[in-house]
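Trainee: Structure: my_file.pdb, PDB, C-alpha atoms and all ligand atoms.
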```
ATOM      1  CA  MET A   1    -169.764 -35.197 102.984
ATOM      2  CA  LEU A   2    -168.664 -31.677 102.350
ATOM      3  CA  ILE A   3    -171.373 -29.410 103.648
ATOM      4  CA  LYS A   4    -170.446 -28.595 107.193
ATOM      5  CA  ARG A   5    -172.538 -29.475 110.192
ATOM      6  CA  PRO A   6    -174.088 -26.564 112.060
ATOM      7  CA  ASP A   7    -171.791 -27.046 115.043
ATOM      8  CA  ASP A   8    -168.763 -26.381 112.882
ATOM      9  CA  ILE A   9    -169.702 -22.696 112.658
ATOM     10  CA  PRO A  10    -167.013 -20.827 114.569
ATOM     11  CA  ALA A  11    -167.884 -18.901 117.716
ATOM     12  CA  SER A  12    -166.428 -15.780 116.109
ATOM     13  CA  GLU A  13    -169.539 -15.645 113.954
ATOM     14  CA  ILE A  14    -171.905 -14.919 116.804
ATOM     15  CA  THR A  15    -173.170 -11.790 118.585
ATOM     16  CA  ASP A  16    -172.623  -8.654 116.608
ATOM     17  CA  PRO A  17    -173.235  -5.265 118.179
ATOM     18  CA  GLU A  18    -172.625  -3.554 114.862
ATOM     19  CA  LEU A  19    -175.757  -5.055 113.396
ATOM     20  CA  TYR A  20    -178.269  -2.393 114.355
ATOM     21  CA  ARG A  21    -175.962   0.458 113.404
ATOM     22  CA  GLN A  22    -175.351  -1.125 110.037
ATOM     23  CA  ARG A  23    -179.036  -1.513 109.420
ATOM     24  CA  ARG A  24    -179.782   2.117 110.170
ATOM     25  CA  ARG A  25    -176.994   3.265 107.852
ATOM     26  CA  PHE A  26    -178.384   1.071 105.121
ATOM     27  CA  LEU A  27    -181.928   2.387 105.500
ATOM     28  CA  GLN A  28    -180.621   5.949 105.268
ATOM     29  CA  GLN A  29    -178.746   5.118 102.082
ATOM     30  CA  GLY A  30    -181.917   3.524 100.770
ATOM     31  CA  VAL A  31    -183.847   6.778 101.116
ATOM     32  CA  ALA A  32    -181.234   8.530  99.009
ATOM     33  CA  VAL A  33    -181.327   5.801  96.389
ATOM     34  CA  ALA A  34    -185.130   5.856  96.208
ATOM     35  CA  GLY A  35    -184.971   9.418  94.876
ATOM     36  CA  ALA A  36    -182.980   8.240  91.892
ATOM     37  CA  ALA A  37    -185.256   5.286  91.249
ATOM     38  CA  LEU A  38    -187.715   7.173  89.073
ATOM     39  CA  THR A  39    -185.731   6.399  85.955
ATOM     40  CA  ALA A  40    -185.668   2.669  86.565
ATOM     41  CA  GLY A  41    -184.748   0.305  83.773
ATOM     42  CA  LEU A  42    -181.227   1.534  83.321
ATOM     43  CA  TRP A  43    -178.289  -0.710  84.024
ATOM     44  CA  LEU A  44    -175.309   1.514  83.942
ATOM     45  CA  PRO A  45    -172.641   0.638  86.458
ATOM     46  CA  ASP A  46    -169.576   2.718  85.578
ATOM     47  CA  SER A  47    -167.455  -0.288  86.302
ATOM     48  CA  VAL A  48    -168.056  -3.754  87.613
ATOM     49  CA  GLU A  49    -165.446  -3.542  90.322
ATOM     50  CA  ALA A  50    -166.745  -4.803  93.629
ATOM     51  CA  GLY A  51    -167.947  -1.836  95.658
ATOM     52  CA  THR A  52    -169.406   0.079  92.686
ATOM     53  CA  ARG A  53    -172.814   1.444  93.622
ATOM     54  CA  LEU A  54    -175.736   0.566  91.386
ATOM     55  CA  ALA A  55    -177.857   3.456  90.169
ATOM     56  CA  ASN A  56    -181.611   3.435  89.596
ATOM     57  CA  VAL A  57    -182.481   0.723  92.041
ATOM     58  CA  LYS A  58    -186.128   0.741  93.024
ATOM     59  CA  LYS A  59    -187.213  -0.551  96.408
ATOM     60  CA  SER A  60    -189.431  -3.560  96.136
ATOM     61  CA  VAL A  61    -192.257  -4.303  98.553
ATOM     62  CA  TRP A  62    -190.524  -7.609  99.267
ATOM     63  CA  ARG A  63    -188.628  -6.599 102.379
ATOM     64  CA  VAL A  64    -188.510  -8.550 105.603
ATOM     65  CA  ASP A  65    -188.462  -6.296 108.622
ATOM     66  CA  GLU A  66    -185.539  -7.961 110.362
ATOM     67  CA  PRO A  67    -182.031  -6.661 111.000
ATOM     68  CA  LEU A  68    -179.749  -6.973 108.014
ATOM     69  CA  THR A  69    -176.787  -9.283 108.306
ATOM     70  CA  PRO A  70    -173.687  -7.080 108.279
ATOM     71  CA  TYR A  71    -172.013  -6.627 104.907
ATOM     72  CA  ARG A  72    -168.781  -8.188 106.109
ATOM     73  CA  HIS A  73    -170.552 -11.468 106.923
ATOM     74  CA  VAL A  74    -172.593 -11.499 103.722
ATOM     75  CA  THR A  75    -169.387 -11.056 101.733
ATOM     76  CA  GLY A  76    -166.945 -12.893 104.007
ATOM     77  CA  TYR A  77    -168.773 -16.058 105.036
ATOM     78  CA  ASN A  78    -169.565 -17.832 101.783
ATOM     79  CA  ASN A  79    -170.107 -21.151 100.093
ATOM     80  CA  PHE A  80    -168.595 -21.212  96.612
ATOM     81  CA  TYR A  81    -166.794 -24.510  96.159
ATOM     82  CA  GLU A  82    -165.205 -23.431  92.907
ATOM     83  CA  PHE A  83    -162.878 -21.462  95.203
ATOM     84  CA  GLY A  84    -162.471 -23.881  98.097
ATOM     85  CA  THR A  85    -164.537 -25.337 100.891
ATOM     86  CA  SER A  86    -163.788 -22.947 103.760
ATOM     87  CA  LYS A  87    -166.133 -20.027 104.385
ATOM     88  CA  ALA A  88    -163.286 -17.559 103.952
ATOM     89  CA  ALA A  89    -161.870 -18.993 100.713
ATOM     90  CA  PRO A  90    -164.331 -17.422  98.227
ATOM     91  CA  ALA A  91    -163.641 -13.856  99.447
ATOM     92  CA  ARG A  92    -159.922 -14.510  99.389
ATOM     93  CA  TYR A  93    -159.634 -16.194  96.014
ATOM     94  CA  ALA A  94    -162.601 -15.313  93.783
ATOM     95  CA  PRO A  95    -161.567 -11.661  93.279
ATOM     96  CA  LYS A  96    -158.139 -12.838  92.105
ATOM     97  CA  THR A  97    -159.231 -15.051  89.215
ATOM     98  CA  LEU A  98    -162.937 -14.692  88.404
ATOM     99  CA  LYS A  99    -163.588 -12.158  85.631
ATOM    100  CA  PRO A 100    -167.222 -10.978  85.579
ATOM    101  CA  ARG A 101    -166.793  -9.068  82.288
ATOM    102  CA  PRO A 102    -167.093  -9.785  79.456
ATOM    103  CA  TRP A 103    -169.803 -12.293  80.405
ATOM    104  CA  ARG A 104    -172.191 -14.036  78.087
ATOM    105  CA  VAL A 105    -175.273 -16.016  79.024
ATOM    106  CA  THR A 106    -176.827 -18.682  76.803
ATOM    107  CA  ILE A 107    -180.587 -19.194  76.974
ATOM    108  CA  ASP A 108    -181.664 -22.301  75.130
ATOM    109  CA  GLY A 109    -183.806 -25.427  75.123
ATOM    110  CA  GLU A 110    -187.588 -25.457  74.904
ATOM    111  CA  CYS A 111    -188.208 -21.863  73.871
ATOM    112  CA  GLU A 112    -189.057 -19.960  70.706
ATOM    113  CA  LYS A 113    -186.278 -17.406  70.923
ATOM    114  CA  PRO A 114    -183.081 -18.991  72.186
ATOM    115  CA  GLY A 115    -180.005 -16.809  72.233
ATOM    116  CA  ARG A 116    -176.579 -16.001  73.564
ATOM    117  CA  MET A 117    -176.409 -12.557  75.072
ATOM    118  CA  ASP A 118    -173.998 -10.266  76.733
ATOM    119  CA  ILE A 119    -175.032  -9.896  80.359
ATOM    120  CA  ASP A 120    -175.566  -6.145  79.984
ATOM    121  CA  ASP A 121    -178.015  -6.725  77.105
ATOM    122  CA  LEU A 122    -179.789  -9.348  79.172
ATOM    123  CA  ILE A 123    -180.240  -7.002  82.116
ATOM    124  CA  ARG A 124    -180.710  -3.585  80.490
ATOM    125  CA  PRO A 125    -184.447  -3.813  79.628
ATOM    126  CA  HIS A 126    -185.348  -4.457  83.257
ATOM    127  CA  ALA A 127    -185.747  -2.309  86.343
ATOM    128  CA  LEU A 128    -183.390  -3.214  89.152
ATOM    129  CA  GLU A 129    -185.130  -3.912  92.442
ATOM    130  CA  GLU A 130    -183.827  -4.120  95.941
ATOM    131  CA  ARG A 131    -185.336  -6.992  97.908
ATOM    132  CA  ILE A 132    -184.586  -7.842 101.503
ATOM    133  CA  TYR A 133    -184.865 -11.606 101.829
ATOM    134  CA  ARG A 134    -184.119 -14.176 104.464
ATOM    135  CA  PHE A 135    -181.467 -16.597 103.219
ATOM    136  CA  ARG A 136    -181.336 -20.024 104.899
ATOM    137  CA  CYS A 137    -178.413 -22.336 104.244
ATOM    138  CA  VAL A 138    -178.922 -26.093 104.514
ATOM    139  CA  GLU A 139    -176.134 -26.018 107.129
ATOM    140  CA  ALA A 140    -178.620 -24.370 109.554
ATOM    141  CA  TRP A 141    -177.299 -20.829 109.484
ATOM    142  CA  SER A 142    -179.147 -17.905 107.991
ATOM    143  CA  MET A 143    -178.754 -14.277 106.977
ATOM    144  CA  VAL A 144    -180.941 -11.361 105.921
ATOM    145  CA  ILE A 145    -179.606  -9.898 102.697
ATOM    146  CA  PRO A 146    -180.565  -6.834 100.658
ATOM    147  CA  TRP A 147    -180.228  -8.189  97.128
ATOM    148  CA  VAL A 148    -180.428  -6.133  93.962
ATOM    149  CA  GLY A 149    -181.933  -8.025  91.086
ATOM    150  CA  ILE A 150    -184.677  -8.694  88.587
ATOM    151  CA  PRO A 151    -187.576 -11.140  88.770
ATOM    152  CA  LEU A 152    -186.373 -14.197  86.872
ATOM    153  CA  GLY A 153    -189.802 -14.666  85.271
ATOM    154  CA  ALA A 154    -189.583 -11.303  83.492
ATOM    155  CA  ILE A 155    -186.303 -12.322  81.882
ATOM    156  CA  LEU A 156    -187.431 -15.848  81.001
ATOM    157  CA  ARG A 157    -190.620 -14.667  79.293
ATOM    158  CA  ARG A 158    -188.585 -12.733  76.718
ATOM    159  CA  PHE A 159    -187.323 -16.042  75.350
ATOM    160  CA  ARG A 160    -190.859 -17.441  74.923
ATOM    161  CA  PRO A 161    -190.741 -20.818  76.678
ATOM    162  CA  THR A 162    -192.887 -23.446  74.947
ATOM    163  CA  SER A 163    -195.384 -25.769  76.640
ATOM    164  CA  LYS A 164    -192.607 -28.385  76.821
ATOM    165  CA  ALA A 165    -190.622 -26.214  79.218
ATOM    166  CA  LYS A 166    -191.440 -27.944  82.497
ATOM    167  CA  TYR A 167    -188.190 -27.105  84.294
ATOM    168  CA  VAL A 168    -185.383 -24.575  84.086
ATOM    169  CA  ARG A 169    -181.773 -25.702  84.369
ATOM    170  CA  PHE A 170    -178.963 -23.337  85.384
ATOM    171  CA  GLU A 171    -175.255 -23.806  84.879
ATOM    172  CA  THR A 172    -172.250 -22.029  86.417
ATOM    173  CA  LEU A 173    -169.186 -21.087  84.349
ATOM    174  CA  LEU A 174    -166.831 -24.001  83.685
ATOM    175  CA  ASP A 175    -163.301 -22.626  83.583
ATOM    176  CA  PRO A 176    -160.659 -24.003  85.949
ATOM    177  CA  GLU A 177    -158.421 -21.016  85.157
ATOM    178  CA  GLN A 178    -160.998 -18.677  86.661
ATOM    179  CA  MET A 179    -162.360 -21.215  89.146
ATOM    180  CA  PRO A 180    -159.424 -23.275  90.403
ATOM    181  CA  GLY A 181    -161.626 -25.434  92.641
ATOM    182  CA  GLN A 182    -162.891 -27.064  89.470
ATOM    183  CA  ARG A 183    -159.552 -28.879  89.277
ATOM    184  CA  THR A 184    -160.740 -30.960  92.238
ATOM    185  CA  ARG A 185    -163.431 -33.606  92.185
ATOM    186  CA  LEU A 186    -165.419 -32.164  95.079
ATOM    187  CA  LEU A 187    -168.508 -31.908  92.895
ATOM    188  CA  ARG A 188    -169.304 -32.597  89.276
ATOM    189  CA  TRP A 189    -168.526 -29.398  87.423
ATOM    190  CA  PRO A 190    -169.991 -27.188  86.239
ATOM    191  CA  TYR A 191    -172.286 -26.600  89.230
ATOM    192  CA  VAL A 192    -175.861 -27.198  88.065
ATOM    193  CA  GLU A 193    -179.161 -26.282  89.659
ATOM    194  CA  GLY A 194    -182.779 -26.409  88.570
ATOM    195  CA  LEU A 195    -186.291 -25.212  89.316
ATOM    196  CA  ARG A 196    -189.714 -26.294  88.215
ATOM    197  CA  ILE A 197    -191.031 -23.764  85.698
ATOM    198  CA  ASP A 198    -193.663 -22.416  88.109
ATOM    199  CA  GLU A 199    -190.981 -21.932  90.777
ATOM    200  CA  ALA A 200    -188.794 -20.133  88.250
ATOM    201  CA  MET A 201    -191.682 -17.868  87.232
ATOM    202  CA  HIS A 202    -192.747 -17.157  90.810
ATOM    203  CA  PRO A 203    -192.470 -13.438  91.615
ATOM    204  CA  LEU A 204    -190.169 -14.107  94.587
ATOM    205  CA  THR A 205    -187.492 -15.731  92.418
ATOM    206  CA  ILE A 206    -184.845 -13.299  91.260
ATOM    207  CA  LEU A 207    -181.608 -13.122  89.359
ATOM    208  CA  ALA A 208    -179.334 -10.983  91.506
ATOM    209  CA  VAL A 209    -176.698  -8.625  90.123
ATOM    210  CA  GLY A 210    -175.907  -6.854  93.381
ATOM    211  CA  LEU A 211    -176.266  -6.646  97.136
ATOM    212  CA  TYR A 212    -176.217  -3.770  99.636
ATOM    213  CA  GLY A 213    -176.779  -1.420  96.681
ATOM    214  CA  GLU A 214    -173.498  -2.459  95.071
ATOM    215  CA  VAL A 215    -172.378  -4.667  92.199
ATOM    216  CA  LEU A 216    -172.378  -8.324  93.271
ATOM    217  CA  PRO A 217    -169.000  -9.184  94.826
ATOM    218  CA  HIS A 218    -167.096 -12.002  93.153
ATOM    219  CA  GLN A 219    -167.503 -14.320  96.135
ATOM    220  CA  ASN A 220    -171.290 -13.934  96.070
ATOM    221  CA  GLY A 221    -171.544 -15.183  92.491
ATOM    222  CA  ALA A 222    -170.660 -12.284  90.216
ATOM    223  CA  PRO A 223    -171.935 -11.219  87.839
ATOM    224  CA  LEU A 224    -175.261 -13.062  87.981
ATOM    225  CA  ARG A 225    -176.721 -15.509  90.488
ATOM    226  CA  LEU A 226    -180.057 -16.989  91.349
ATOM    227  CA  VAL A 227    -181.864 -16.237  94.633
ATOM    228  CA  VAL A 228    -184.835 -18.399  95.679
ATOM    229  CA  PRO A 229    -185.649 -17.279  99.218
ATOM    230  CA  TRP A 230    -187.904 -20.154 100.294
ATOM    231  CA  LYS A 231    -185.316 -22.811  99.377
ATOM    232  CA  TYR A 232    -182.039 -23.836 100.980
ATOM    233  CA  GLY A 233    -179.149 -21.721  99.797
ATOM    234  CA  PHE A 234    -177.583 -24.362  97.581
ATOM    235  CA  LYS A 235    -180.384 -23.797  95.031
ATOM    236  CA  SER A 236    -179.120 -20.224  94.587
ATOM    237  CA  ILE A 237    -176.524 -21.006  91.932
ATOM    238  CA  LYS A 238    -173.759 -18.488  91.297
ATOM    239  CA  SER A 239    -171.964 -17.064  88.255
ATOM    240  CA  ILE A 240    -174.527 -18.360  85.768
ATOM    241  CA  VAL A 241    -173.597 -18.777  82.092
ATOM    242  CA  ARG A 242    -176.434 -20.954  80.845
ATOM    243  CA  ILE A 243    -180.180 -21.087  81.438
ATOM    244  CA  SER A 244    -182.020 -23.910  79.666
ATOM    245  CA  PHE A 245    -185.726 -24.668  79.416
ATOM    246  CA  VAL A 246    -186.042 -28.441  79.709
ATOM    247  CA  GLU A 247    -188.785 -31.023  79.715
ATOM    248  CA  ARG A 248    -187.325 -33.299  82.395
ATOM    249  CA  MET A 249    -186.244 -32.618  85.935
ATOM    250  CA  PRO A 250    -182.526 -31.745  85.659
ATOM    251  CA  ARG A 251    -179.909 -33.624  87.677
ATOM    252  CA  THR A 252    -178.327 -31.109  89.986
ATOM    253  CA  SER A 253    -174.819 -31.049  91.470
ATOM    254  CA  TRP A 254    -175.685 -31.640  95.127
ATOM    255  CA  ASN A 255    -178.389 -34.128  94.298
ATOM    256  CA  LEU A 256    -175.883 -36.123  92.250
ATOM    257  CA  ALA A 257    -173.279 -35.900  95.017
ATOM    258  CA  ALA A 258    -175.599 -37.069  97.837
ATOM    259  CA  PRO A 259    -179.165 -37.789  96.689
ATOM    260  CA  HIS A 260    -180.447 -38.868 100.103
ATOM    261  CA  GLU A 261    -179.227 -35.600 101.649
ATOM    262  CA  TYR A 262    -180.058 -33.012  99.000
ATOM    263  CA  GLY A 263    -183.304 -33.348  97.102
ATOM    264  CA  PHE A 264    -184.357 -31.460  94.010
ATOM    265  CA  TYR A 265    -186.916 -29.315  95.831
ATOM    266  CA  ALA A 266    -184.820 -28.254  98.832
ATOM    267  CA  ASN A 267    -187.669 -26.233 100.310
ATOM    268  CA  VAL A 268    -186.836 -24.905 103.755
ATOM    269  CA  ASN A 269    -188.784 -27.242 106.038
ATOM    270  CA  PRO A 270    -188.276 -27.496 109.813
ATOM    271  CA  HIS A 271    -190.230 -30.772 109.865
ATOM    272  CA  VAL A 272    -187.870 -32.672 107.577
ATOM    273  CA  ALA A 273    -184.462 -33.249 109.147
ATOM    274  CA  HIS A 274    -181.303 -33.503 107.125
ATOM    275  CA  PRO A 275    -180.029 -37.088 107.630
ATOM    276  CA  ARG A 276    -177.179 -35.738 109.810
ATOM    277  CA  TRP A 277    -178.830 -32.857 111.669
ATOM    278  CA  SER A 278    -182.177 -31.280 112.535
ATOM    279  CA  GLN A 279    -183.533 -28.408 110.479
ATOM    280  CA  ARG A 280    -185.801 -27.117 113.258
ATOM    281  CA  LYS A 281    -183.530 -24.260 114.267
ATOM    282  CA  GLU A 282    -180.957 -22.035 112.691
ATOM    283  CA  ARG A 283    -178.270 -19.618 113.744
ATOM    284  CA  ARG A 284    -178.787 -16.196 112.244
ATOM    285  CA  ILE A 285    -175.243 -15.065 111.570
ATOM    286  CA  GLY A 286    -174.531 -12.263 114.028
ATOM    287  CA  GLU A 287    -176.981 -13.503 116.661
ATOM    288  CA  PHE A 288    -176.326 -15.616 119.718
ATOM    289  CA  ARG A 289    -179.503 -17.560 120.314
ATOM    290  CA  ARG A 290    -180.755 -19.966 117.706
ATOM    291  CA  ARG A 291    -184.098 -19.139 116.116
ATOM    292  CA  LYS A 292    -186.816 -21.445 114.982
ATOM    293  CA  THR A 293    -186.725 -22.187 111.288
ATOM    294  CA  LEU A 294    -189.928 -21.163 109.548
ATOM    295  CA  MET A 295    -191.772 -23.284 107.006
ATOM    296  CA  PHE A 296    -190.683 -22.225 103.523
ATOM    297  CA  ASN A 297    -188.315 -19.852 105.325
ATOM    298  CA  GLY A 298    -191.265 -17.627 106.251
ATOM    299  CA  TYR A 299    -192.622 -17.368 102.699
ATOM    300  CA  ALA A 300    -195.390 -19.978 103.084
ATOM    301  CA  ASP A 301    -198.175 -17.507 102.300
ATOM    302  CA  GLN A 302    -196.588 -16.855  98.952
ATOM    303  CA  VAL A 303    -195.361 -20.313  97.923
ATOM    304  CA  ALA A 304    -197.146 -23.113  99.814
ATOM    305  CA  GLY A 305    -199.704 -23.320  97.000
ATOM    306  CA  LEU A 306    -196.991 -24.471  94.589
ATOM    307  CA  TYR A 307    -196.715 -27.728  96.531
ATOM    308  CA  LYS A 308    -200.341 -28.457  97.298
ATOM    309  CA  GLY A 309    -200.976 -32.191  97.473
ATOM    310  CA  MET A 310    -197.263 -33.085  97.451
ATOM    311  CA  ASP A 311    -195.726 -35.196 100.200
ATOM    312  CA  LEU A 312    -192.948 -32.864 101.312
ATOM    313  CA  ARG A 313    -191.165 -35.649 103.205
ATOM    314  CA  ARG A 314    -190.755 -37.519  99.985
ATOM    315  CA  TYR A 315    -190.075 -34.492  97.816
ATOM    316  CA  TYR A 316    -187.508 -32.865 100.118
TER     317      TYR A 316
HETATM  318  N1  LIG B 401    -173.089 -21.831  93.349
HETATM  319  C1  LIG B 401    -171.950 -22.342  92.862
HETATM  320  N2  LIG B 401    -171.661 -22.206  91.560
HETATM  321  N3  LIG B 401    -171.062 -23.022  93.656
HETATM  322  C2  LIG B 401    -171.328 -23.230  94.991
HETATM  323  O1  LIG B 401    -170.500 -23.873  95.680
HETATM  324  N4  LIG B 401    -172.869 -22.876  96.859
HETATM  325  C3  LIG B 401    -174.298 -22.782  97.177
HETATM  326  C4  LIG B 401    -174.949 -21.549  96.542
HETATM  327  N5  LIG B 401    -174.545 -21.418  95.157
HETATM  328  C5  LIG B 401    -172.535 -22.703  95.535
HETATM  329  C6  LIG B 401    -173.398 -21.968  94.672
HETATM  330  C7  LIG B 401    -174.535 -22.775  98.623
HETATM  331  S1  LIG B 401    -174.307 -24.274  99.426
HETATM  332  C8  LIG B 401    -174.961 -21.665  99.287
HETATM  333  S2  LIG B 401    -175.418 -21.732 100.932
HETATM  334  C9  LIG B 401    -175.016 -20.357  98.619
HETATM  335  O2  LIG B 401    -174.547 -20.402  97.273
HETATM  336  C10 LIG B 401    -174.166 -19.373  99.382
HETATM  337  O3  LIG B 401    -174.322 -18.074  98.875
HETATM  338  P1  LIG B 401    -173.509 -16.877  99.551
HETATM  339  O4  LIG B 401    -172.087 -17.287  99.630
HETATM  340  O5  LIG B 401    -173.739 -15.691  98.666
HETATM  341  O6  LIG B 401    -174.125 -16.693 100.917
END
```
In structure tokens, how does this file's structure come out?
Ligand code: MTE

Mentor:
Amino acid sequence: MLIKRPDDIPASEITDPELYRQRRRFLQQGVAVAGAALTAGLWLPDSVEAGTRLANVKKSVWRVDEPLTPYRHVTGYNNFYEFGTSKAAPARYAPKTLKPRPWRVTIDGECEKPGRMDIDDLIRPHALEERIYRFRCVEAWSMVIPWVGIPLGAILRRFRPTSKAKYVRFETLLDPEQMPGQRTRLLRWPYVEGLRIDEAMHPLTILAVGLYGEVLPHQNGAPLRLVVPWKYGFKSIKSIVRISFVERMPRTSWNLAAPHEYGFYANVNPHVAHPRWSQRKERRIGEFRRRKTLMFNGYADQVAGLYKGMDLRRYY
């Protein structure tokens, strides 16, 4: 199986004295950005080159008070199999071939107003928010990332989902020229993920267009990726080109590849082990000692109600 075991994480990824400095710098930048946030709702990056700062980003109340994972780890230690299976491959290769503009997104299926839109038209009506979320990979490492994005629910509502829309299915770009890993048979391409409609509409679920106040780097899923902070990272599909309202639970890439290892729900749950390793602890990238994994990644107060009455061992 492809997803690496926790012990495969190299020692070079641990202990990082720069972490606290980085965090302070970021918070200072944030104060400056907050001043410009009064005119939210504009989406005007001068360019979409990685490193371009996003204007008019408002700070959301959704911020965990934990040290941020340094930028170089967030953007240098990635899973993006369209560019290879090593953690370094996405940063090395994605900027060379992936072209985040022009970029069109199709919204279709069980809704009254389906459409195909340029990403800038999709984003422009919404205020950009910065949210600091924990991010827990199924491989038992985690990060704390300042995303810039928009609540997914606000975008979805514009397309008027019908009562038949029970799930939302997401699809990554399929283009082996831009994503050479799609020439392999590692996974079924395009990468597909899905959420139940109430999960998709939950206020914690966002579509991210940036991180650390900047346009989303290619390796993190430019120009548009999902972030669902209470679920394992593989739910957070990158470089999305299609969002479909569907009646039936979609088959997803990892679930198809290894159904007994990767369920549809993928809620972070320390009490349900992966078949090949425990999920009780995690290594926060940049820290030495492992931490305990929290139920729903620490977001239980917000999301546990979505799963009331469900056997979470069965629906893993
Ligand atoms: N999306 C696509 N299209 N392809 C992928 O391989 N990997 C997933 C998820 N989204 C993946 C993807 C996994 S396993 C994880 S942990 C996260 O992206 C990693 O996101 P990051 O590299 O921004 O940390």

Trainee: When distances are computed from all atoms listed in the file, which of A:Lys87, A:Arg158, A:Arg284, A:Arg248 shows the smallest separation from ligand LIG 401 (chain B)?

Mentor: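 The answer is A:Lys87, which sits nearest to ligand LIG 401 (chain B).
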
Trainee: Check every protein, DNA and RNA residue against ligand LIG 401 (chain B), keep those with an atom at most 7 Å away (counting all atoms listed in the file), and present them as a list in words.

Mentor: Val74, Tyr77, Asn78, Asn79, Phe80, Tyr81, Glu82, Cys137, Val138, Thr172, Tyr191, Gln219, Asn220, Gly221, Tyr232, Gly233, Phe234, Lys235, Ser236, Ile237, Lys238 and Ser239 of chain A

Trainee: Just want the 7 Å neighbourhood of Met117 (chain A), counted on all atoms listed in the file, with same-chain residues fewer than 3 positions away dropped. Output as a ChimeraX atom specification.

Mentor: /A:104-106,121-122

Trainee: Using Å and a single decimal, report how far CA of Ile285 (chain A) sits from CA of Ala273 (chain A).

Mentor: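 Computing it gives 20.5 Å between the two atoms.
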
Trainee: How many Å lie between CA of Glu193 (chain A) and CA of His260 (chain A), rounded to one decimal?

Mentor: 16.4 Å

Trainee: Of the candidates A:Val303, A:Ala50, A:Ala165, A:Val192, which shows the shortest atom-to-atom distance to Trp254 (chain A), using all atoms listed in the file?

Mentor: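 So, comparing all the options, the nearest one is A:Val192.
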
Trainee: Could you check how far CA of Thr205 (chain A) sits from CA of Ala266 (chain A), in Å to one decimal?

Mentor: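 Atom-to-atom, CA of Thr205 (chain A) to CA of Ala266 (chain A), that is 14.3 Å.
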